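Reproduced below: run.cif, with mmCIF, C-alpha atoms.
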```
data_upload
#
loop_
_atom_site.group_PDB
_atom_site.id
_atom_site.type_symbol
_atom_site.label_atom_id
_atom_site.label_comp_id
_atom_site.auth_asym_id
_atom_site.auth_seq_id
_atom_site.Cartn_x
_atom_site.Cartn_y
_atom_site.Cartn_z
ATOM 1 C CA MET G 697 18.672 -5.515 0.743
ATOM 2 C CA ALA G 698 16.809 -2.558 -0.717
ATOM 3 C CA PHE G 699 13.075 -2.192 -1.271
ATOM 4 C CA GLU G 700 12.641 1.576 -1.602
ATOM 5 C CA TYR G 701 14.155 4.722 -3.001
ATOM 6 C CA LYS G 702 13.103 8.376 -2.876
ATOM 7 C CA VAL G 703 13.939 11.155 -5.271
ATOM 8 C CA VAL G 704 12.720 14.776 -5.267
ATOM 9 C CA ARG G 705 12.007 16.604 -8.508
ATOM 10 C CA GLN G 706 10.769 20.056 -9.323
ATOM 11 C CA VAL G 707 8.055 20.402 -11.940
ATOM 12 C CA GLU G 708 9.549 22.318 -14.847
ATOM 13 C CA PHE G 709 7.569 24.592 -17.166
ATOM 14 C CA SER G 710 8.136 22.084 -19.987
ATOM 15 C CA ASP G 711 6.414 19.403 -17.842
ATOM 16 C CA THR G 712 3.122 21.321 -17.856
ATOM 17 C CA ASP G 713 0.238 21.582 -20.305
ATOM 18 C CA MET G 714 -1.648 24.696 -21.430
ATOM 19 C CA ALA G 715 -3.645 24.684 -18.187
ATOM 20 C CA GLY G 716 -0.381 24.924 -16.216
ATOM 21 C CA ILE G 717 -0.804 21.412 -14.807
ATOM 22 C CA MET G 718 1.849 18.722 -15.128
ATOM 23 C CA HIS G 719 0.905 16.622 -18.160
ATOM 24 C CA PHE G 720 -0.084 13.073 -17.235
ATOM 25 C CA SER G 721 2.654 11.542 -19.394
ATOM 26 C CA ASN G 722 5.338 13.154 -17.248
ATOM 27 C CA PHE G 723 4.305 11.115 -14.223
ATOM 28 C CA PHE G 724 5.549 8.078 -16.181
ATOM 29 C CA ARG G 725 8.825 9.862 -16.977
ATOM 30 C CA PHE G 726 9.254 10.673 -13.270
ATOM 31 C CA MET G 727 8.598 7.008 -12.377
ATOM 32 C CA GLU G 728 11.262 5.908 -14.836
ATOM 33 C CA THR G 729 13.708 8.474 -13.450
ATOM 34 C CA ALA G 730 13.163 7.080 -9.938
ATOM 35 C CA GLU G 731 13.652 3.494 -11.178
ATOM 36 C CA HIS G 732 16.950 4.411 -12.840
ATOM 37 C CA ALA G 733 18.150 6.218 -9.702
ATOM 38 C CA PHE G 734 17.175 3.159 -7.624
ATOM 39 C CA PHE G 735 19.338 0.920 -9.814
ATOM 40 C CA ARG G 736 22.250 3.396 -9.612
ATOM 41 C CA SER G 737 21.921 3.445 -5.804
ATOM 42 C CA LEU G 738 22.533 -0.326 -5.889
ATOM 43 C CA GLY G 739 25.630 0.075 -8.076
ATOM 44 C CA PHE G 740 23.968 -0.878 -11.370
ATOM 45 C CA SER G 741 22.635 0.762 -14.497
ATOM 46 C CA ILE G 742 19.312 -0.068 -16.088
ATOM 47 C CA HIS G 743 21.186 -0.104 -19.411
ATOM 48 C CA THR G 744 24.013 -2.581 -19.838
ATOM 49 C CA THR G 745 25.983 -3.616 -22.914
ATOM 50 C CA ALA G 746 28.114 -6.470 -21.594
ATOM 51 C CA PRO G 747 27.736 -9.936 -23.149
ATOM 52 C CA GLU G 748 25.523 -10.974 -20.229
ATOM 53 C CA ALA G 749 23.427 -7.808 -20.514
ATOM 54 C CA VAL G 750 19.754 -7.884 -19.648
ATOM 55 C CA GLY G 751 16.974 -5.475 -20.561
ATOM 56 C CA TRP G 752 13.958 -4.305 -18.588
ATOM 57 C CA PRO G 753 10.988 -3.732 -20.922
ATOM 58 C CA ARG G 754 7.790 -2.455 -19.381
ATOM 59 C CA VAL G 755 4.955 -4.964 -19.328
ATOM 60 C CA HIS G 756 2.470 -2.814 -17.392
ATOM 61 C CA ALA G 757 2.193 0.830 -16.367
ATOM 62 C CA ASP G 758 -0.594 2.785 -14.691
ATOM 63 C CA CYS G 759 -1.076 5.915 -12.658
ATOM 64 C CA ASP G 760 -3.998 7.301 -10.657
ATOM 65 C CA PHE G 761 -4.070 11.075 -10.269
ATOM 66 C CA ARG G 762 -5.602 12.620 -7.138
ATOM 67 C CA ARG G 763 -4.423 16.248 -7.252
ATOM 68 C CA PRO G 764 -2.612 18.346 -9.830
ATOM 69 C CA LEU G 765 1.030 19.316 -9.826
ATOM 70 C CA ARG G 766 1.992 22.694 -11.268
ATOM 71 C CA PHE G 767 5.089 24.535 -12.446
ATOM 72 C CA GLU G 768 7.723 24.795 -9.674
ATOM 73 C CA ASP G 769 5.965 22.329 -7.387
ATOM 74 C CA SER G 770 8.387 20.121 -5.498
ATOM 75 C CA VAL G 771 7.424 16.452 -5.650
ATOM 76 C CA GLU G 772 8.860 13.408 -3.927
ATOM 77 C CA ILE G 773 8.682 10.191 -5.916
ATOM 78 C CA HIS G 774 8.809 7.247 -3.516
ATOM 79 C CA LEU G 775 9.617 3.963 -5.271
ATOM 80 C CA LEU G 776 8.681 0.785 -3.422
ATOM 81 C CA VAL G 777 9.327 -2.725 -4.751
ATOM 82 C CA ARG G 778 5.841 -4.224 -4.572
ATOM 83 C CA GLU G 779 6.763 -7.634 -5.968
ATOM 84 C CA LYS G 780 9.990 -9.391 -6.808
ATOM 85 C CA GLY G 781 9.529 -12.379 -9.068
ATOM 86 C CA ARG G 782 12.152 -14.671 -10.493
ATOM 87 C CA LYS G 783 12.032 -12.815 -13.841
ATOM 88 C CA SER G 784 10.269 -9.548 -13.024
ATOM 89 C CA LEU G 785 9.920 -6.584 -10.687
ATOM 90 C CA THR G 786 6.795 -4.581 -9.919
ATOM 91 C CA TYR G 787 7.108 -1.136 -8.385
ATOM 92 C CA THR G 788 4.652 1.165 -6.651
ATOM 93 C CA PHE G 789 5.346 4.886 -6.943
ATOM 94 C CA ILE G 790 3.864 7.356 -4.480
ATOM 95 C CA PHE G 791 3.981 11.018 -5.512
ATOM 96 C CA ARG G 792 3.893 13.537 -2.642
ATOM 97 C CA LYS G 793 3.693 17.292 -3.142
ATOM 98 C CA LEU G 794 6.218 18.788 -0.726
ATOM 99 C CA ASN G 795 5.723 22.535 -1.085
ATOM 100 C CA GLU G 796 2.392 22.815 0.704
ATOM 101 C CA GLN G 797 1.256 21.999 4.199
ATOM 102 C CA PRO G 798 0.243 19.413 4.883
ATOM 103 C CA GLU G 799 2.344 17.499 2.392
ATOM 104 C CA ARG G 800 0.018 15.152 0.551
ATOM 105 C CA GLU G 801 -0.111 12.318 -1.893
ATOM 106 C CA VAL G 802 -1.059 13.559 -5.355
ATOM 107 C CA ALA G 803 -0.688 10.399 -7.461
ATOM 108 C CA ARG G 804 0.156 6.716 -7.248
ATOM 109 C CA GLY G 805 1.517 4.587 -10.055
ATOM 110 C CA THR G 806 2.639 1.092 -10.898
ATOM 111 C CA LEU G 807 5.356 -0.113 -13.214
ATOM 112 C CA ALA G 808 5.986 -3.797 -13.944
ATOM 113 C CA VAL G 809 9.185 -4.742 -15.751
ATOM 114 C CA ALA G 810 10.430 -8.055 -17.103
ATOM 115 C CA CYS G 811 14.051 -9.148 -17.092
ATOM 116 C CA VAL G 812 14.935 -10.217 -20.628
ATOM 117 C CA LYS G 813 17.815 -11.094 -22.917
ATOM 118 C CA ARG G 814 17.808 -10.343 -26.602
ATOM 119 C CA ASP G 815 18.773 -13.012 -29.118
ATOM 120 C CA ALA G 816 21.635 -11.529 -31.159
ATOM 121 C CA ALA G 817 20.564 -13.282 -34.361
ATOM 122 C CA THR G 818 16.814 -12.673 -34.327
ATOM 123 C CA GLY G 819 16.450 -9.715 -31.982
ATOM 124 C CA ALA G 820 13.721 -11.596 -30.108
ATOM 125 C CA MET G 821 13.526 -11.055 -26.367
ATOM 126 C CA ARG G 822 12.983 -13.857 -23.874
ATOM 127 C CA GLY G 823 12.396 -13.711 -20.150
ATOM 128 C CA VAL G 824 15.352 -14.722 -18.000
ATOM 129 C CA PRO G 825 15.931 -14.892 -14.247
ATOM 130 C CA ILE G 826 17.074 -11.629 -12.698
ATOM 131 C CA PRO G 827 20.884 -11.901 -12.390
ATOM 132 C CA SER G 828 21.825 -12.857 -8.838
ATOM 133 C CA ALA G 829 24.087 -9.797 -8.490
ATOM 134 C CA ILE G 830 20.941 -7.654 -8.848
ATOM 135 C CA ALA G 831 18.387 -9.990 -7.255
ATOM 136 C CA ASP G 832 20.496 -10.376 -4.115
ATOM 137 C CA LYS G 833 20.264 -6.614 -3.474
ATOM 138 C CA ILE G 834 16.494 -6.212 -3.931
ATOM 139 C CA GLU G 835 13.571 -7.397 -1.848
ATOM 140 C CA ALA G 836 9.846 -6.695 -1.733
ATOM 141 C CA ALA G 837 8.737 -3.877 0.553
ATOM 142 C CA PRO G 838 6.734 -4.650 3.683
ATOM 143 C CA ARG G 839 3.018 -4.548 2.810
ATOM 144 C CA GLU G 840 2.283 -1.857 5.408
ATOM 145 C CA LEU G 841 4.502 0.609 3.488
ATOM 146 C CA LEU G 842 2.516 0.069 0.305
ATOM 147 C CA GLY G 843 -0.690 1.319 1.910
ATOM 148 C CA GLU G 844 -2.719 -1.456 0.313
#
```

Same coordinates, now as structure tokens:
Amino acid sequence: MAFEYKVVRQVEFSDTDMAGIMHFSNFFRFMETAEHAFFRSLGFSIHTTAPEAVGWPRVHADCDFRRPLRFEDSVEIHLLVREKGRKSLTYTFIFRKLNEQPEREVARGTLAVACVKRDAATGAMRGVPIPSAIADKIEAAPRELLGE
């Protein structure tokens, strides 16, 4: 079972603000990119259209910034499954700047997602158990990896 995934991204010019620092909102985009890659690594997509399709709306997101990232910085986004509930997943994301020595953590974020189905008639979403095909491949990370 999986509890982590790592992806490396380069900060693009379009990711930065007028001060040349990666805009805070892009940390959330990078977290979402890592989540989608994690699902693909398990053989799934975050977006499904089958009759038994589920959605993953965000119910909480935060990020603490320790050091700036700039254009052309190389950053590792380390996704760890912090909690696996019956109907939800909570991830911790650790951002590490790779192109300086020593490599160091520059930010840490959290993303909590609910597993839902949409009612075809009303469009209302309701929480549902994570499908076993997905749940059976995911577990919570060991606490020592989360650095809590």

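Minimum distance to G:Met821 across G:Gly843, G:Gly751, G:Pro798, G:Gly716 (counting only C-alpha atoms) occurs at G:Gly751.
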
Self-check item: Reference answer for the PyMOL selection byres ((chain G and resi 757) around 12), as number ranges by chain
Solution: G: 721, 723-725, 727-728, 753-756, 758-760, 786-789, 804-809

Self-check item: 12 Å contact set for G:Pro764, all atoms listed in the file, chain neighbours under 5 positions out, as a ChimeraX atom specification
Solution: /G:707,712-713,715-720,723,769-771,791-793,800-803

What does the file look like for those residues with C-alpha atoms, as a PDB file, keeping the file's coordinate frame?
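And here's out.pdb as it stands now:
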```pdb
ATOM      1  CA  VAL G 707       8.055  20.402 -11.940  1.00  0.00           C
ATOM      2  CA  THR G 712       3.122  21.321 -17.856  1.00  0.00           C
ATOM      3  CA  ASP G 713       0.238  21.582 -20.305  1.00  0.00           C
ATOM      4  CA  ALA G 715      -3.645  24.684 -18.187  1.00  0.00           C
ATOM      5  CA  GLY G 716      -0.381  24.924 -16.216  1.00  0.00           C
ATOM      6  CA  ILE G 717      -0.804  21.412 -14.807  1.00  0.00           C
ATOM      7  CA  MET G 718       1.849  18.722 -15.128  1.00  0.00           C
ATOM      8  CA  HIS G 719       0.905  16.622 -18.160  1.00  0.00           C
ATOM      9  CA  PHE G 720      -0.084  13.073 -17.235  1.00  0.00           C
ATOM     10  CA  PHE G 723       4.305  11.115 -14.223  1.00  0.00           C
ATOM     11  CA  ASP G 769       5.965  22.329  -7.387  1.00  0.00           C
ATOM     12  CA  SER G 770       8.387  20.121  -5.498  1.00  0.00           C
ATOM     13  CA  VAL G 771       7.424  16.452  -5.650  1.00  0.00           C
ATOM     14  CA  PHE G 791       3.981  11.018  -5.512  1.00  0.00           C
ATOM     15  CA  ARG G 792       3.893  13.537  -2.642  1.00  0.00           C
ATOM     16  CA  LYS G 793       3.693  17.292  -3.142  1.00  0.00           C
ATOM     17  CA  ARG G 800       0.018  15.152   0.551  1.00  0.00           C
ATOM     18  CA  GLU G 801      -0.111  12.318  -1.893  1.00  0.00           C
ATOM     19  CA  VAL G 802      -1.059  13.559  -5.355  1.00  0.00           C
ATOM     20  CA  ALA G 803      -0.688  10.399  -7.461  1.00  0.00           C
TER      21      ALA G 803
END
```

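We find atom CA of G:Arg736 and atom CA of G:Asp711 to be spaced 24.0 Å apart.
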
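Closest to G:His732 among G:Arg762, G:Tyr701, G:Phe709, G:Ala816 is G:Tyr701, based on all atoms listed in the file.
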
Quiz item: Quick one, how far is atom CA of G:Arg839 from atom CA of G:Ala733?
Solution: 22.4 Å

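Computed from the coordinates, the atom CA of G:Ala836 to atom CA of G:Ile790 distance equals 15.5 Å.
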
Exercise. Find the residues around G:Ala698 up to 7 Å (only C-alpha atoms counted), leave out those fewer than 4 positions away in its own chain, and share them as a ChimeraX atom specification.
Key: /G:833-835

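Among G:Glu731, G:Glu840, G:Glu796, G:Glu748, the residue with the shortest atom-to-atom distance to G:Glu700, counting all atoms listed in the file, is G:Glu731.
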
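Considering all atoms listed in the file, the residue among G:Lys783, G:Asn722, G:Asp815, G:Phe767 positioned nearest to G:Ser828 is G:Lys783.
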
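If you measure from each of G:Thr818, G:Ser710, G:Gln797, G:Ser784 to G:Val750 using all atoms listed in the file, the closest one turns out to be G:Ser784.
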
Quiz item: Quick one: of G:Arg822, G:Arg705, G:Lys813, G:His774, who's nearest to G:Phe734, counting all atoms listed in the file?
Solution: G:His774

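Near G:Lys702, within 7 Å and counting all atoms listed in the file, sit Glu772, Ile773, His774 and Leu775 of chain G; same-chain residues fewer than 4 positions away were not included.
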
Draw an axis-aligned box tight on the listed atoms of stretch 754-772 of chain G, then pad every side by 8 Å and write out centre and edge lengths in Å to one decimal as AutoDock Vina command-line options.
```
--center_x 1.6 --center_y 9.9 --center_z -11.7 --size_x 30.5 --size_y 45.8 --size_z 31.5
```
